[in-house]
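K.L.:
Sharing a structure, written as C-alpha cells. Questions coming.
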Amino acid sequence: MDAHPFDRITVDELRRGGSLKWTGQQEALGAWIAEMDFGTAPGVLEAAAQTIASGLVGYAPAYLVSSLQEATADWLDARFGWRLDPAQIRPLSNVGAAFDAAIMHFSPAHRPDAPVVLLTPAYMPFIDTPARFGRRSIQVPMLRTGIGWELDWAGLESALSGGALLVLVNPHNPIGKVYTRAELLRISRLVEHTGSRVFADEIHAPLVYGGYEHHPYAAISDTAAGHSITGISASKAFNIPGLKCAQLVLTNDADRTLWARVGIVPEHGAATPGLAGTAAAYDGGQAWLGKVLGYLEGNRDLLGGLVAEHLPRVRYLAPQGTYLAWLDVSELGLGPDPVRFFRQQAQLALTDGALCGQAGRGFVRLNFATPRPVLAGMLHRMGASIDGPDQFDEDDPEYSGASPSF
C-alpha cells in the first residue's frame with residue numbers, strides 16, 4: 001500500500017515552512033501549538049491571496065463581510081443543522097476576541113461583575129483572561145471516569161449560584177470531550193435557573209470523530225439561544241489561524257442590539273484576507289476536511305498503541321474530538337515541570353497541563369496533527385527519555401535522536 005501523502009511530510013520540510021510551532025522551540029519536535037501540519041483546503045490560500053493581489057489591503061468592503069456571513073450560515077446549516085440569519089454572524093479577529101466581548105458586554109444583566117466559571121482543565125488563555133478585566137474566575141474540575149470525562153454537576157451549580165458567565169468549550173480543549181445533547185440541556189437548565197450566561201467556544205466543532213456528534217449549544221433550545229453567545233472559526237479545522245478571522249454568533253435580539261453599538265471596532269479586527277479565505281474554506285473545503293479527519297482519527301488510534309508501548313505508566317483517554325491528546329504523566333515522577341523534562345531529555349515541545357488550571361497539574365497536552373512517522377518518533381523519544389534507548393533505536397527509521405530525519 002502506498003504511503004499516505006501526509007506520511008511523506010518531513011520534519012525538515014516543516015521547519016522550512018517557518019511556523020512558530022516548528023521554529024519557536026529550536027530543535028524540538030513541535031507538539032505544543034494547536035495547529036496542523038497538513039496545509040489547508042484547496043482554494044483557501046488562493047482566495048486570501050486574491051484580496052491582496054486586488055489591492056484590498058484597507059478596511060474590508062461590505063461585500064466581503066456579507067460573503068463571510070452567508071458562507072458561515074450555509075456551513076453551520078449543512079454541517080450541524082443550525083439555521084441562522086447571516087446577520088446574526090459577526091466577524092472578529094479570533095475566538096479570544098469573542099471571549100473578551102462576552103466578558104465586557106454579555107455577562108448577566110443583574111450582575112455585571114459576575115465571576116467567570118471555567119470547566120477545568122481549560123484552554124490556557126481562558127485561565128488568565130478574566131483577571132485582565134478585573135473579574136474573578138471559579139474553576140470547576142472535570143471528573144475523570146474509566147471511560148471518559150464527566151461534569152461535577154454539584155460543583156457547577158454552586159459556581160453558577162447568583163449568576164455567572166460560564167465558559168463552555170465544546171469539543172473541550174484539552175481533554176477532547178464532546179458534550180452530549182443531554183448534557184447540554186442539563187447545563188442550560190442550570191444556567192437559566194441561576195440567571196447565568198454562557199460563552200460557547202466551538203472552534204473545534206468540525207473536528208469530531210466517529211461515534212460522536214457536535215451539537216451547537218445555542219441550537220439545542222430557545223432557552224439556550226437566549227442566554228448564550230458563540231465563538232467559532234475555521235482556524236482549527238482548516239488550519240488558518242494566521243488569517244485572523246473568527247465569527248461571533250448572536251442568538252437573541254437584545255445582544256444584537258447591544259453589539260450594533262459596541263461591535264464596530266472589534267469587527268474591524270478581522271483581516272480582509274481572512275474573510276475571503278474563511279468563506280472559501282466553508283464553501284469548498286468539506287471534502288478536504290473529511291480526508292483530514294480520517295487521517296487524524298488514525299493518528300488518535302495509533303497514539304493509544306504508542307503510549308501503551310513506550311509509556312505504559314502514562315494514562316491516556318482517546319479524545320472524542322480535537323487533535324489534542326491529554327496525557328497523565330503524574331506517575332512518572334518528573335517533578336513539577338514535566339514539559340521542561342521532555343523538552344530537555346526528549347527534544348519534544350509539549351504544553352504544560354498546569355497552564356490549564358489546577359486540574360491540569362501532572363498532565364501534558366500533545367498535538368497529534370502531524371505525520372504518523374513524526375508522531376511515532378515523538379512517542380519513542382518520550383519513552384526513551386524515561387527508560388533509556390532500547391536495542392532497536394539504531395534501526396528505527398522513526399527515531400533519530402536530536403536531529404530527526406523523518
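We label chains A, B, ... in the order they appear in the C-alpha cells, count residues from 1 in each chain, and number ligands from 1 in the order shown.
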Do you have, as a tab-separated table, the list of residues of stretch 189-275 of chain A lying at most 9 Å from stretch 98-109 of chain A, each with its nearest atom pair and that distance in Å to one decimal, counting only C-alpha atoms and ordered by chain then number?
P.N.:
residue	atom	partner	partner_atom	distance
A:Gly195	CA	A:Pro108	CA	6.8
A:Ser196	CA	A:Pro108	CA	5.7
A:Arg197	CA	A:Pro108	CA	6.0
A:Val198	CA	A:Ser107	CA	8.5
A:Phe199	CA	A:Ala102	CA	6.5
A:Ala200	CA	A:Phe99	CA	8.9
A:Asp201	CA	A:Phe99	CA	8.1
A:His227	CA	A:Pro108	CA	8.7
A:Ser228	CA	A:Phe106	CA	8.5
A:Ile229	CA	A:Ala102	CA	7.4
A:Thr230	CA	A:Ala98	CA	7.8
A:Gly231	CA	A:Ala98	CA	5.8
A:Ile232	CA	A:Ala98	CA	8.7
A:Ala246	CA	A:Ala98	CA	8.2
A:Gln247	CA	A:Ala98	CA	7.8
A:Leu248	CA	A:Ala98	CA	6.0
A:Asp255	CA	A:Phe106	CA	7.5
A:Leu258	CA	A:His105	CA	8.0
A:Trp259	CA	A:His105	CA	8.3
A:Val262	CA	A:His105	CA	8.5
A:Gly263	CA	A:Ala101	CA	8.6
A:Pro266	CA	A:Ala101	CA	8.6
K.L.:
Restricted to C-alpha atoms, what would the selected residues look like written as a PDB file, in the first residue's frame?
P.N.:
ATOM      1  CA  GLY A 195     -29.597  33.611  35.974  1.00  0.00           C
ATOM      2  CA  SER A 196     -26.250  32.948  34.312  1.00  0.00           C
ATOM      3  CA  ARG A 197     -24.980  33.226  30.756  1.00  0.00           C
ATOM      4  CA  VAL A 198     -22.841  31.025  28.508  1.00  0.00           C
ATOM      5  CA  PHE A 199     -19.927  31.778  26.244  1.00  0.00           C
ATOM      6  CA  ALA A 200     -19.716  28.754  23.927  1.00  0.00           C
ATOM      7  CA  ASP A 201     -16.313  28.291  22.306  1.00  0.00           C
ATOM      8  CA  HIS A 227     -28.663  33.134  27.240  1.00  0.00           C
ATOM      9  CA  SER A 228     -25.621  32.303  25.104  1.00  0.00           C
ATOM     10  CA  ILE A 229     -23.220  33.774  22.612  1.00  0.00           C
ATOM     11  CA  THR A 230     -20.980  31.598  20.481  1.00  0.00           C
ATOM     12  CA  GLY A 231     -17.466  31.932  19.114  1.00  0.00           C
ATOM     13  CA  ILE A 232     -16.474  29.885  16.054  1.00  0.00           C
ATOM     14  CA  ALA A 246     -13.457  34.285  13.555  1.00  0.00           C
ATOM     15  CA  GLN A 247     -17.206  34.654  13.958  1.00  0.00           C
ATOM     16  CA  LEU A 248     -19.309  35.800  16.891  1.00  0.00           C
ATOM     17  CA  ASP A 255     -27.448  41.041  22.256  1.00  0.00           C
ATOM     18  CA  LEU A 258     -26.124  45.957  22.057  1.00  0.00           C
ATOM     19  CA  TRP A 259     -23.496  44.703  19.608  1.00  0.00           C
ATOM     20  CA  VAL A 262     -20.239  48.382  20.656  1.00  0.00           C
ATOM     21  CA  GLY A 263     -19.078  45.994  17.953  1.00  0.00           C
ATOM     22  CA  PRO A 266     -13.669  44.765  17.220  1.00  0.00           C
TER      23      PRO A 266
END
K.L.:
What gap, in Å, lies between atom CA of A:Lys291 and atom CA of A:Ala318?
P.N.:
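Answer for the atom CA of A:Lys291 to atom CA of A:Ala318 separation: 19.5 Å.
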K.L.:
What's the 12 Å shell around A:Gly17, counting only C-alpha atoms, without same-chain residues fewer than 5 positions away, as a PDB file with N, CA and C atoms, in the first residue's frame?
P.N.:
ATOM      1  N   ILE A   9       5.495  13.923   4.593  1.00  0.00           N
ATOM      2  CA  ILE A   9       5.950  15.243   5.050  1.00  0.00           C
ATOM      3  C   ILE A   9       7.040  15.041   6.102  1.00  0.00           C
ATOM      4  N   THR A  10       8.171  15.702   5.936  1.00  0.00           N
ATOM      5  CA  THR A  10       9.302  15.517   6.846  1.00  0.00           C
ATOM      6  C   THR A  10       9.430  16.676   7.822  1.00  0.00           C
ATOM      7  N   VAL A  11      10.179  16.422   8.885  1.00  0.00           N
ATOM      8  CA  VAL A  11      10.451  17.468   9.853  1.00  0.00           C
ATOM      9  C   VAL A  11      11.216  18.618   9.204  1.00  0.00           C
ATOM     10  N   ASP A  12      12.150  18.296   8.327  1.00  0.00           N
ATOM     11  CA  ASP A  12      12.896  19.356   7.644  1.00  0.00           C
ATOM     12  C   ASP A  12      11.952  20.252   6.845  1.00  0.00           C
ATOM     13  N   TRP A  22       7.113  25.042  14.652  1.00  0.00           N
ATOM     14  CA  TRP A  22       8.319  24.300  14.286  1.00  0.00           C
ATOM     15  C   TRP A  22       9.597  25.129  14.346  1.00  0.00           C
ATOM     16  N   THR A  23       9.492  26.403  14.695  1.00  0.00           N
ATOM     17  CA  THR A  23      10.695  27.227  14.840  1.00  0.00           C
ATOM     18  C   THR A  23      10.825  27.855  16.222  1.00  0.00           C
ATOM     19  N   ASP A  37      -0.205  20.104  10.627  1.00  0.00           N
ATOM     20  CA  ASP A  37       0.961  20.110   9.743  1.00  0.00           C
ATOM     21  C   ASP A  37       0.608  19.738   8.309  1.00  0.00           C
ATOM     22  N   PHE A  38      -0.661  19.916   7.909  1.00  0.00           N
ATOM     23  CA  PHE A  38      -1.141  19.377   6.637  1.00  0.00           C
ATOM     24  C   PHE A  38      -1.590  20.449   5.653  1.00  0.00           C
ATOM     25  N   GLY A  39      -1.184  21.698   5.851  1.00  0.00           N
ATOM     26  CA  GLY A  39      -1.645  22.740   4.952  1.00  0.00           C
ATOM     27  C   GLY A  39      -3.107  23.067   5.183  1.00  0.00           C
TER      28      GLY A  39
END
K.L.:
Please return, as a VMD selection string, all residues of stretch 203-367 of chain A that DSSP assigns to strand (DSSP E) on the basis of the backbone.
P.N.:
chain A and resid 228 to 232 246 to 250 315 to 316 324 to 328 348 to 349 351 to 352 363 to 367
K.L.:
Closest to A:Ala224 among A:Tyr212, A:Asn252, A:Gly96, A:Cys245, using only C-alpha atoms?
P.N.:
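Using only C-alpha atoms, the shortest distance to A:Ala224 belongs to A:Asn252.
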K.L.:
For a quick check of understanding, using only C-alpha atoms, which of A:Val95, A:Ala34, A:Leu303, A:Ile203 has the smallest distance to A:Gly269?
P.N.:
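Checking each candidate against A:Gly269, we get A:Val95 as the closest.
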K.L.:
Could you pull out the residues in stretch 275-333 of chain A that DSSP calls helix (DSSP H, G or I) from the backbone, as a PyMOL selection string?
P.N.:
chain A and resi 275-284+286-310+330-332
K.L.:
Save out the residues we just selected, N, CA and C atoms, as a CSV table (one decimal), in the first residue's frame.
P.N.:
chain,number,residue,atom,x,y,z
A,275,LEU,N,-11.3,37.0,5.8
A,275,LEU,CA,-12.7,37.0,5.5
A,275,LEU,C,-12.8,36.1,4.2
A,276,ALA,N,-12.0,36.4,3.2
A,276,ALA,CA,-12.1,35.7,1.9
A,276,ALA,C,-11.7,34.2,2.1
A,277,GLY,N,-10.6,34.0,2.8
A,277,GLY,CA,-10.1,32.6,3.0
A,277,GLY,C,-11.1,31.8,3.8
A,278,THR,N,-11.7,32.4,4.8
A,278,THR,CA,-12.6,31.6,5.6
A,278,THR,C,-13.9,31.3,4.8
A,279,ALA,N,-14.4,32.2,4.0
A,279,ALA,CA,-15.5,31.9,3.1
A,279,ALA,C,-15.2,30.8,2.2
A,280,ALA,N,-14.0,30.8,1.6
A,280,ALA,CA,-13.6,29.7,0.7
A,280,ALA,C,-13.5,28.4,1.4
A,281,ALA,N,-13.0,28.4,2.6
A,281,ALA,CA,-13.0,27.1,3.4
A,281,ALA,C,-14.4,26.6,3.7
A,282,TYR,N,-15.3,27.4,4.1
A,282,TYR,CA,-16.6,27.0,4.4
A,282,TYR,C,-17.4,26.5,3.1
A,283,ASP,N,-17.1,27.3,2.0
A,283,ASP,CA,-17.8,27.0,0.8
A,283,ASP,C,-17.3,25.7,0.1
A,284,GLY,N,-16.0,25.5,0.1
A,284,GLY,CA,-15.5,24.4,-0.7
A,284,GLY,C,-14.5,23.4,0.0
A,286,GLN,N,-15.2,21.0,2.4
A,286,GLN,CA,-15.7,19.8,3.1
A,286,GLN,C,-15.0,18.5,2.7
A,287,ALA,N,-14.7,18.3,1.4
A,287,ALA,CA,-14.1,17.1,1.0
A,287,ALA,C,-12.7,17.0,1.6
A,288,TRP,N,-11.9,18.1,1.6
A,288,TRP,CA,-10.6,18.1,2.2
A,288,TRP,C,-10.6,17.8,3.7
A,289,LEU,N,-11.6,18.4,4.4
A,289,LEU,CA,-11.7,18.2,5.8
A,289,LEU,C,-12.0,16.8,6.1
A,290,GLY,N,-12.9,16.1,5.3
A,290,GLY,CA,-13.2,14.7,5.5
A,290,GLY,C,-12.0,13.9,5.5
A,291,LYS,N,-11.1,14.1,4.5
A,291,LYS,CA,-9.9,13.3,4.4
A,291,LYS,C,-9.0,13.6,5.6
A,292,VAL,N,-8.9,14.8,6.0
A,292,VAL,CA,-8.0,15.1,7.2
A,292,VAL,C,-8.6,14.5,8.4
A,293,LEU,N,-9.9,14.5,8.6
A,293,LEU,CA,-10.5,13.9,9.8
A,293,LEU,C,-10.2,12.4,9.8
A,294,GLY,N,-10.2,11.7,8.7
A,294,GLY,CA,-9.9,10.3,8.6
A,294,GLY,C,-8.5,10.1,9.1
A,295,TYR,N,-7.6,10.9,8.6
A,295,TYR,CA,-6.1,10.8,9.0
A,295,TYR,C,-6.0,11.0,10.5
A,296,LEU,N,-6.6,12.1,11.0
A,296,LEU,CA,-6.5,12.4,12.4
A,296,LEU,C,-7.0,11.3,13.3
A,297,GLU,N,-8.1,10.7,12.9
A,297,GLU,CA,-8.7,9.6,13.6
A,297,GLU,C,-7.7,8.4,13.7
A,298,GLY,N,-7.0,8.1,12.6
A,298,GLY,CA,-6.0,7.1,12.5
A,298,GLY,C,-4.8,7.5,13.5
A,299,ASN,N,-4.5,8.7,13.5
A,299,ASN,CA,-3.4,9.2,14.4
A,299,ASN,C,-3.8,9.0,15.9
A,300,ARG,N,-5.1,9.4,16.2
A,300,ARG,CA,-5.6,9.2,17.5
A,300,ARG,C,-5.5,7.8,18.0
A,301,ASP,N,-5.9,6.8,17.1
A,301,ASP,CA,-5.8,5.4,17.5
A,301,ASP,C,-4.4,4.9,17.5
A,302,LEU,N,-3.6,5.4,16.6
A,302,LEU,CA,-2.1,5.0,16.7
A,302,LEU,C,-1.5,5.4,18.0
A,303,LEU,N,-1.9,6.6,18.4
A,303,LEU,CA,-1.3,7.2,19.6
A,303,LEU,C,-1.6,6.3,20.8
A,304,GLY,N,-2.8,5.7,20.9
A,304,GLY,CA,-3.1,4.8,22.0
A,304,GLY,C,-2.1,3.6,22.1
A,305,GLY,N,-1.8,3.0,20.9
A,305,GLY,CA,-0.8,1.9,20.9
A,305,GLY,C,0.6,2.4,21.2
A,306,LEU,N,1.0,3.6,20.8
A,306,LEU,CA,2.3,4.1,21.1
A,306,LEU,C,2.5,4.4,22.5
A,307,VAL,N,1.4,5.0,23.2
A,307,VAL,CA,1.5,5.2,24.6
A,307,VAL,C,1.7,3.9,25.4
A,308,ALA,N,0.9,2.9,25.0
A,308,ALA,CA,0.9,1.6,25.7
A,308,ALA,C,2.3,1.0,25.5
A,309,GLU,N,2.9,1.2,24.4
A,309,GLU,CA,4.2,0.6,24.1
A,309,GLU,C,5.4,1.3,24.8
A,310,HIS,N,5.4,2.6,24.6
A,310,HIS,CA,6.5,3.4,25.1
A,310,HIS,C,6.4,4.0,26.5
A,330,SER,N,1.6,11.8,35.7
A,330,SER,CA,1.9,12.0,37.1
A,330,SER,C,2.7,10.9,37.8
A,331,GLU,N,2.5,9.7,37.2
A,331,GLU,CA,3.2,8.5,37.8
A,331,GLU,C,4.6,8.4,37.4
A,332,LEU,N,5.1,9.2,36.5
A,332,LEU,CA,6.5,9.1,36.0
A,332,LEU,C,7.5,9.8,36.9
K.L.:
If we count only C-alpha atoms and set the cut-off at 12 Å, which residues sit around A:Gly383, ignoring sequence neighbours fewer than 6 positions away in its own chain? Please answer as a list of chain:residue names.
P.N.:
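Residues meeting the cut-off are A:Leu306, A:Val307, A:Ala308, A:Glu309, A:His310, A:Leu311, A:Pro312, A:Arg313, A:Val314, A:Val329, A:Leu332, A:Phe342, A:Gln345, A:Ala346, A:Leu348, A:Ala376, A:Gly377, A:Pro389, A:Asp390, A:Asp393, A:Tyr399.
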